[in-house]
Structures are given as structure tokens and as C-alpha cells.
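Colleague: Got a structure for you, target-v1.cif, holding mmCIF, C-alpha atoms.
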```cif
data_work
loop_
_atom_site.label_atom_id
_atom_site.label_comp_id
_atom_site.auth_asym_id
_atom_site.auth_seq_id
_atom_site.Cartn_x
_atom_site.Cartn_y
_atom_site.Cartn_z
CA MET G 1 114.05 93.47 62.81
CA SER G 2 115.76 94.22 66.12
CA PRO G 3 113.84 95.76 69.00
CA PRO G 4 114.39 99.51 69.48
CA GLY G 5 117.62 100.40 71.28
CA THR G 6 119.37 97.15 70.34
CA SER G 7 122.22 96.32 68.04
CA PRO G 8 121.17 94.34 64.94
CA GLU G 9 124.24 92.06 65.22
CA THR G 10 123.70 90.96 68.79
CA SER G 11 120.05 91.78 69.59
CA GLU G 12 121.39 93.20 72.85
CA PRO G 13 121.47 96.79 73.97
CA ALA G 14 124.50 98.58 72.52
CA THR G 15 125.05 100.47 75.77
CA LEU G 16 124.47 98.83 79.11
CA SER G 17 125.56 99.72 82.61
CA GLY G 18 128.76 97.75 82.04
CA PRO G 19 129.87 94.18 82.48
CA ASP G 20 127.78 92.38 85.09
CA PRO G 21 129.83 89.93 87.21
CA ALA G 22 126.69 87.83 87.66
CA ALA G 23 126.52 87.27 83.88
CA GLY G 24 129.99 85.71 83.65
CA THR G 25 133.65 85.98 84.55
CA ILE G 26 135.31 89.34 83.90
CA LEU G 27 139.07 89.13 83.42
CA ALA G 28 141.20 91.42 85.56
CA PRO G 29 143.41 93.87 83.67
CA ARG G 30 147.18 93.24 83.64
CA PRO G 31 149.51 95.94 82.26
CA TRP G 32 152.59 93.70 81.81
CA VAL G 33 152.55 93.55 78.00
CA PRO G 34 152.13 97.34 77.54
CA LEU G 35 154.81 98.03 80.16
CA GLY G 36 157.13 95.56 78.40
CA VAL G 37 156.57 97.33 75.07
CA ILE G 38 157.28 100.72 76.70
CA THR G 39 160.47 99.27 78.23
CA ILE G 40 161.61 98.04 74.82
CA GLY G 41 160.99 101.54 73.44
CA LEU G 42 163.09 103.06 76.22
CA ALA G 43 165.84 100.48 75.64
CA LEU G 44 166.11 101.63 72.02
CA VAL G 45 167.02 105.22 73.00
CA PRO G 46 170.70 104.52 73.88
CA LEU G 47 171.19 102.80 70.52
CA GLN G 48 171.12 106.17 68.73
CA ARG G 49 174.95 106.23 68.76
CA ILE G 50 175.13 103.18 66.52
CA TRP G 51 171.76 103.38 64.73
CA SER G 52 170.45 106.71 63.48
CA TRP G 53 166.85 105.49 63.35
CA ALA G 54 166.83 104.47 67.03
CA PRO G 55 165.00 107.59 68.31
CA ILE G 56 162.24 107.16 65.72
CA ALA G 57 161.92 103.44 66.48
CA ALA G 58 161.89 104.21 70.21
CA GLY G 59 159.12 106.77 69.70
CA VAL G 60 156.98 104.42 67.61
CA VAL G 61 157.41 101.50 70.02
CA GLY G 62 156.80 103.79 73.02
CA LEU G 63 153.59 105.15 71.48
CA LEU G 64 152.41 101.61 70.78
CA GLY G 65 153.07 100.76 74.43
CA LEU G 66 151.12 103.81 75.61
CA PHE G 67 148.22 102.90 73.32
CA LEU G 68 148.18 99.35 74.73
CA LEU G 69 148.31 100.74 78.26
CA LEU G 70 145.27 102.91 77.50
CA GLN G 71 143.46 99.85 76.11
CA THR G 72 144.32 97.97 79.32
CA LEU G 73 142.54 100.67 81.30
CA LEU G 74 139.49 100.84 79.02
CA LEU G 75 138.76 97.30 77.76
CA ARG G 76 137.37 94.30 79.62
CA LEU G 77 136.79 90.72 78.48
CA GLN G 78 133.84 88.84 79.93
CA PHE G 79 133.14 85.14 79.49
CA SER G 80 129.38 84.62 79.57
CA SER G 81 127.68 81.25 79.26
CA ASP G 82 127.49 81.43 75.45
CA ALA G 83 129.93 84.11 74.23
CA LEU G 84 133.06 86.15 74.82
CA LEU G 85 132.03 89.78 75.34
CA VAL G 86 134.35 92.73 74.75
CA TRP G 87 133.49 95.83 76.79
CA SER G 88 134.77 99.39 76.70
CA ARG G 89 133.71 100.81 80.04
CA SER G 90 129.91 100.46 79.90
CA THR G 91 129.58 99.82 76.16
CA LEU G 92 129.42 96.33 74.70
CA LEU G 93 131.76 96.52 71.69
CA ARG G 94 131.61 92.99 70.35
CA ARG G 95 130.13 89.60 71.05
CA PHE G 96 131.92 86.40 69.94
CA PRO G 97 129.59 83.37 70.32
CA TYR G 98 131.51 80.21 71.26
CA SER G 99 129.50 78.28 68.66
CA GLU G 100 131.36 80.24 65.92
CA TRP G 101 134.88 79.48 67.24
CA THR G 102 137.06 76.95 65.43
CA ALA G 103 140.39 77.34 67.30
CA TRP G 104 142.28 79.35 69.90
CA THR G 105 145.81 79.59 71.31
CA LEU G 106 147.95 81.69 73.64
CA PHE G 107 151.39 82.47 72.21
CA TRP G 108 154.57 82.21 74.26
CA TRP G 109 153.31 80.46 77.38
CA PRO G 110 154.39 80.81 80.29
CA LEU G 111 154.81 84.47 79.32
CA PRO G 112 151.77 84.92 77.05
CA VAL G 113 151.68 88.14 75.06
CA LEU G 114 149.27 87.28 72.21
CA PHE G 115 145.86 85.63 72.19
CA TYR G 116 144.68 84.19 68.87
CA PHE G 117 141.25 82.80 68.12
CA ARG G 118 139.48 81.97 64.91
CA GLU G 119 135.80 82.15 64.17
CA ARG G 120 134.26 80.54 61.12
CA ARG G 121 134.36 83.87 59.28
CA SER G 122 137.50 85.58 60.59
CA PRO G 123 140.65 85.29 62.69
CA HIS G 124 141.42 87.55 65.66
CA LEU G 125 144.76 88.38 67.29
CA LEU G 126 144.76 90.31 70.57
CA PRO G 127 147.52 91.41 72.93
CA VAL G 128 147.16 89.88 76.39
CA LEU G 129 146.05 92.90 78.42
CA PHE G 130 144.36 90.85 81.14
CA ASP G 131 145.05 87.99 83.54
CA ALA G 132 146.45 85.24 81.28
CA THR G 133 145.92 82.43 83.80
CA ALA G 134 142.23 83.30 84.15
CA LEU G 135 142.00 83.62 80.35
CA ARG G 136 143.37 80.10 79.86
CA GLN G 137 141.03 78.72 82.57
CA GLN G 138 137.98 80.33 80.95
CA LEU G 139 138.98 79.14 77.47
CA ASP G 140 139.44 75.59 78.77
CA LEU G 141 136.10 75.80 80.57
CA HIS G 142 134.04 77.18 77.67
CA LEU G 143 135.91 75.80 74.65
CA SER G 144 137.45 72.51 75.78
CA SER G 145 136.06 70.71 72.72
CA LEU G 146 138.18 72.78 70.29
CA PRO G 147 141.60 71.62 69.06
#
```
Here is the file; what I need is its structure written in the form of C-alpha cells.

Modeller:
Amino acid sequence: MSPPGTSPETSEPATLSGPDPAAGTILAPRPWVPLGVITIGLALVPLQRIWSWAPIAAGVVGLLGLFLLLQTLLLRLQFSSDALLVWSRSTLLRRFPYSEWTAWTLFWWPLPVLFYFRERRSPHLLPVLFDATALRQQLDLHLSSLP
């Protein structure tokens, strides 16, 4: 049984004061992927002369870009000594222990837009909403033994 005020999955408090820089590296946010998606949405608008669905596609892509931009402002990744922590402001959303990881990769280097990693039980695919160079450095540091 977990102590009162803790999450049963992590045995850590569900709400803390936020990511603590002393507990590990916190990746800086980078809005390039969301801004690129928004730009693609805007680029679809002039195509309405030759493609009737262009305004709808532009709206969907633009909304996706705005959603990703919001996530860039709210989410933080922290590399602690034993796990990758996902924070939303001061709330710890998820903890991914390195011991459960089986693989990871960054797609489309030197312009990375997607981060994939696999745990024993499930795969994860995330847009790169943070400093990709620091992400690669931290992955190499903490998970160098993985393929």
C-alpha cells in the first residue's frame, strides 16, 4: 500500500512544487515543431483554388500546431538519475524508469521532430517540444547501453 498522498504507480507525491533542477536535468522548451506545423497549416490556405478541402485541412493542421504550442508551454521533461519524468507545471504526470526501456530514437536528425522510445510494456512517440541536442545528450548519458 502506498503512503498517503502518493501515487500507487510511482510511490511519489502526485503533486509537488514542480521539477527540481537539483534532481536532474530539465530540458528547455523549443517551439520549432509547433511553429512548423502552424506554418504548414497557413501554407495550405492558398491551395483552396485548386483543392476544395484546403481550408478544412489548414484548420485541422493549424489547430494541431496550436495544441502542440500549448503543450510546449505546459510540459517539461526531466532526466533524473533513474527515470525520465514528465511534468505539467508542478504536477508529475508520468515516470518512465530507465530500467524498463528497450530502445529509443530521434527521427529526422539533424532536424528532429519525433522522439520514440519503447518500454517493455509499451511504445511511446512524442513530438520534440524541447531542446533536441540536450535530449540526445541525456539519452546517451542515461541509456548508452541500449541499441

Colleague: Given all atoms listed in the file as the basis, pick out the residue of G:Thr25, G:Thr105, G:Ser81, G:Thr91 nearest to G:Ala134.

Modeller: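 Ranked by minimum distance to G:Ala134, first place goes to G:Thr25.
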
Colleague: Once the PyMOL selection byres ((chain G and resi 143) around 10) has been evaluated on this model, what residues remain selected, and can you format them as an MDAnalysis selection string?

Modeller: chainID G and resid 98:99 101:104 137:142 144:147

Colleague: Of the candidates G:Ser80, G:Gly59, G:Pro29, G:Leu114, which one gets nearest to G:Ala43 if we count all atoms listed in the file?

Modeller: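 That would be G:Gly59, the residue with the smallest distance to G:Ala43.
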
Colleague: If we count only C-alpha atoms and set the cut-off at 10 Å, which residues sit around stretch 125-131 of chain G, ignoring sequence neighbours fewer than 4 positions away in its own chain? Please answer as an NGL selection string.

Modeller: :G and (26-34 or 68-69 or 71-73 or 75-77 or 104-107 or 111-118 or 135-136)

Colleague: Point out the residue among G:Asp82, G:Leu35, G:Pro55, G:Leu92 with the least atom-to-atom distance to G:Pro19, counting all atoms listed in the file.

Modeller: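 Nearest to G:Pro19: G:Leu92.
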
Colleague: As lines of an AutoDock Vina configuration file, please report the centre and edge lengths, rounded to one decimal in Å, of the axis-aligned box that holds all listed atoms of stretch 32-36 of chain G with 3 Å of padding on each of the six sides.

Modeller:
```
center_x = 154.6
center_y = 95.8
center_z = 79.7
size_x = 11.0
size_y = 10.5
size_z = 10.3
```

Colleague: How far is it from atom CA of G:Leu64 to atom CA of G:Leu47, in Å with one decimal?

Modeller: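 Computing the Euclidean distance for atom CA of G:Leu64 and atom CA of G:Leu47 yields 18.8 Å.
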
Colleague: Between atom CA of G:Leu70 and atom CA of G:Leu84, what is the distance, to one decimal in Å?

Modeller: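 Interatomic distance, atom CA of G:Leu70 to atom CA of G:Leu84: 20.9 Å.
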
Colleague: Let me make sure I understand: among G:Val45, G:Ala132, G:Ala22, G:Leu74, which one has the smallest atom-to-atom distance to G:Val86 if we use all atoms listed in the file?

Modeller: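 Looking at the shortest contact to G:Val86, the residue is G:Leu74.
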
Colleague: Expressed in Å to a single decimal, how great is the separation between atom CA of G:Pro46 and atom CA of G:Val60?

Modeller: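 Between atom CA of G:Pro46 and atom CA of G:Val60 the gap is 15.1 Å.
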
Colleague: Residues at most 12 Å from G:Ala58, counting all atoms listed in the file, excluding those fewer than 5 positions away in the same chain, as a CSV table (one decimal) with C-alpha atoms, in the frame of the given file?

Modeller:
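Everything below was put into result-v2.csv:
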```csv
chain,number,residue,atom,x,y,z
G,37,VAL,CA,156.6,97.3,75.1
G,38,ILE,CA,157.3,100.7,76.7
G,39,THR,CA,160.5,99.3,78.2
G,40,ILE,CA,161.6,98.0,74.8
G,41,GLY,CA,161.0,101.5,73.4
G,42,LEU,CA,163.1,103.1,76.2
G,43,ALA,CA,165.8,100.5,75.6
G,44,LEU,CA,166.1,101.6,72.0
G,45,VAL,CA,167.0,105.2,73.0
G,46,PRO,CA,170.7,104.5,73.9
G,47,LEU,CA,171.2,102.8,70.5
G,48,GLN,CA,171.1,106.2,68.7
G,51,TRP,CA,171.8,103.4,64.7
G,52,SER,CA,170.4,106.7,63.5
G,53,TRP,CA,166.8,105.5,63.4
G,63,LEU,CA,153.6,105.2,71.5
G,64,LEU,CA,152.4,101.6,70.8
G,65,GLY,CA,153.1,100.8,74.4
```
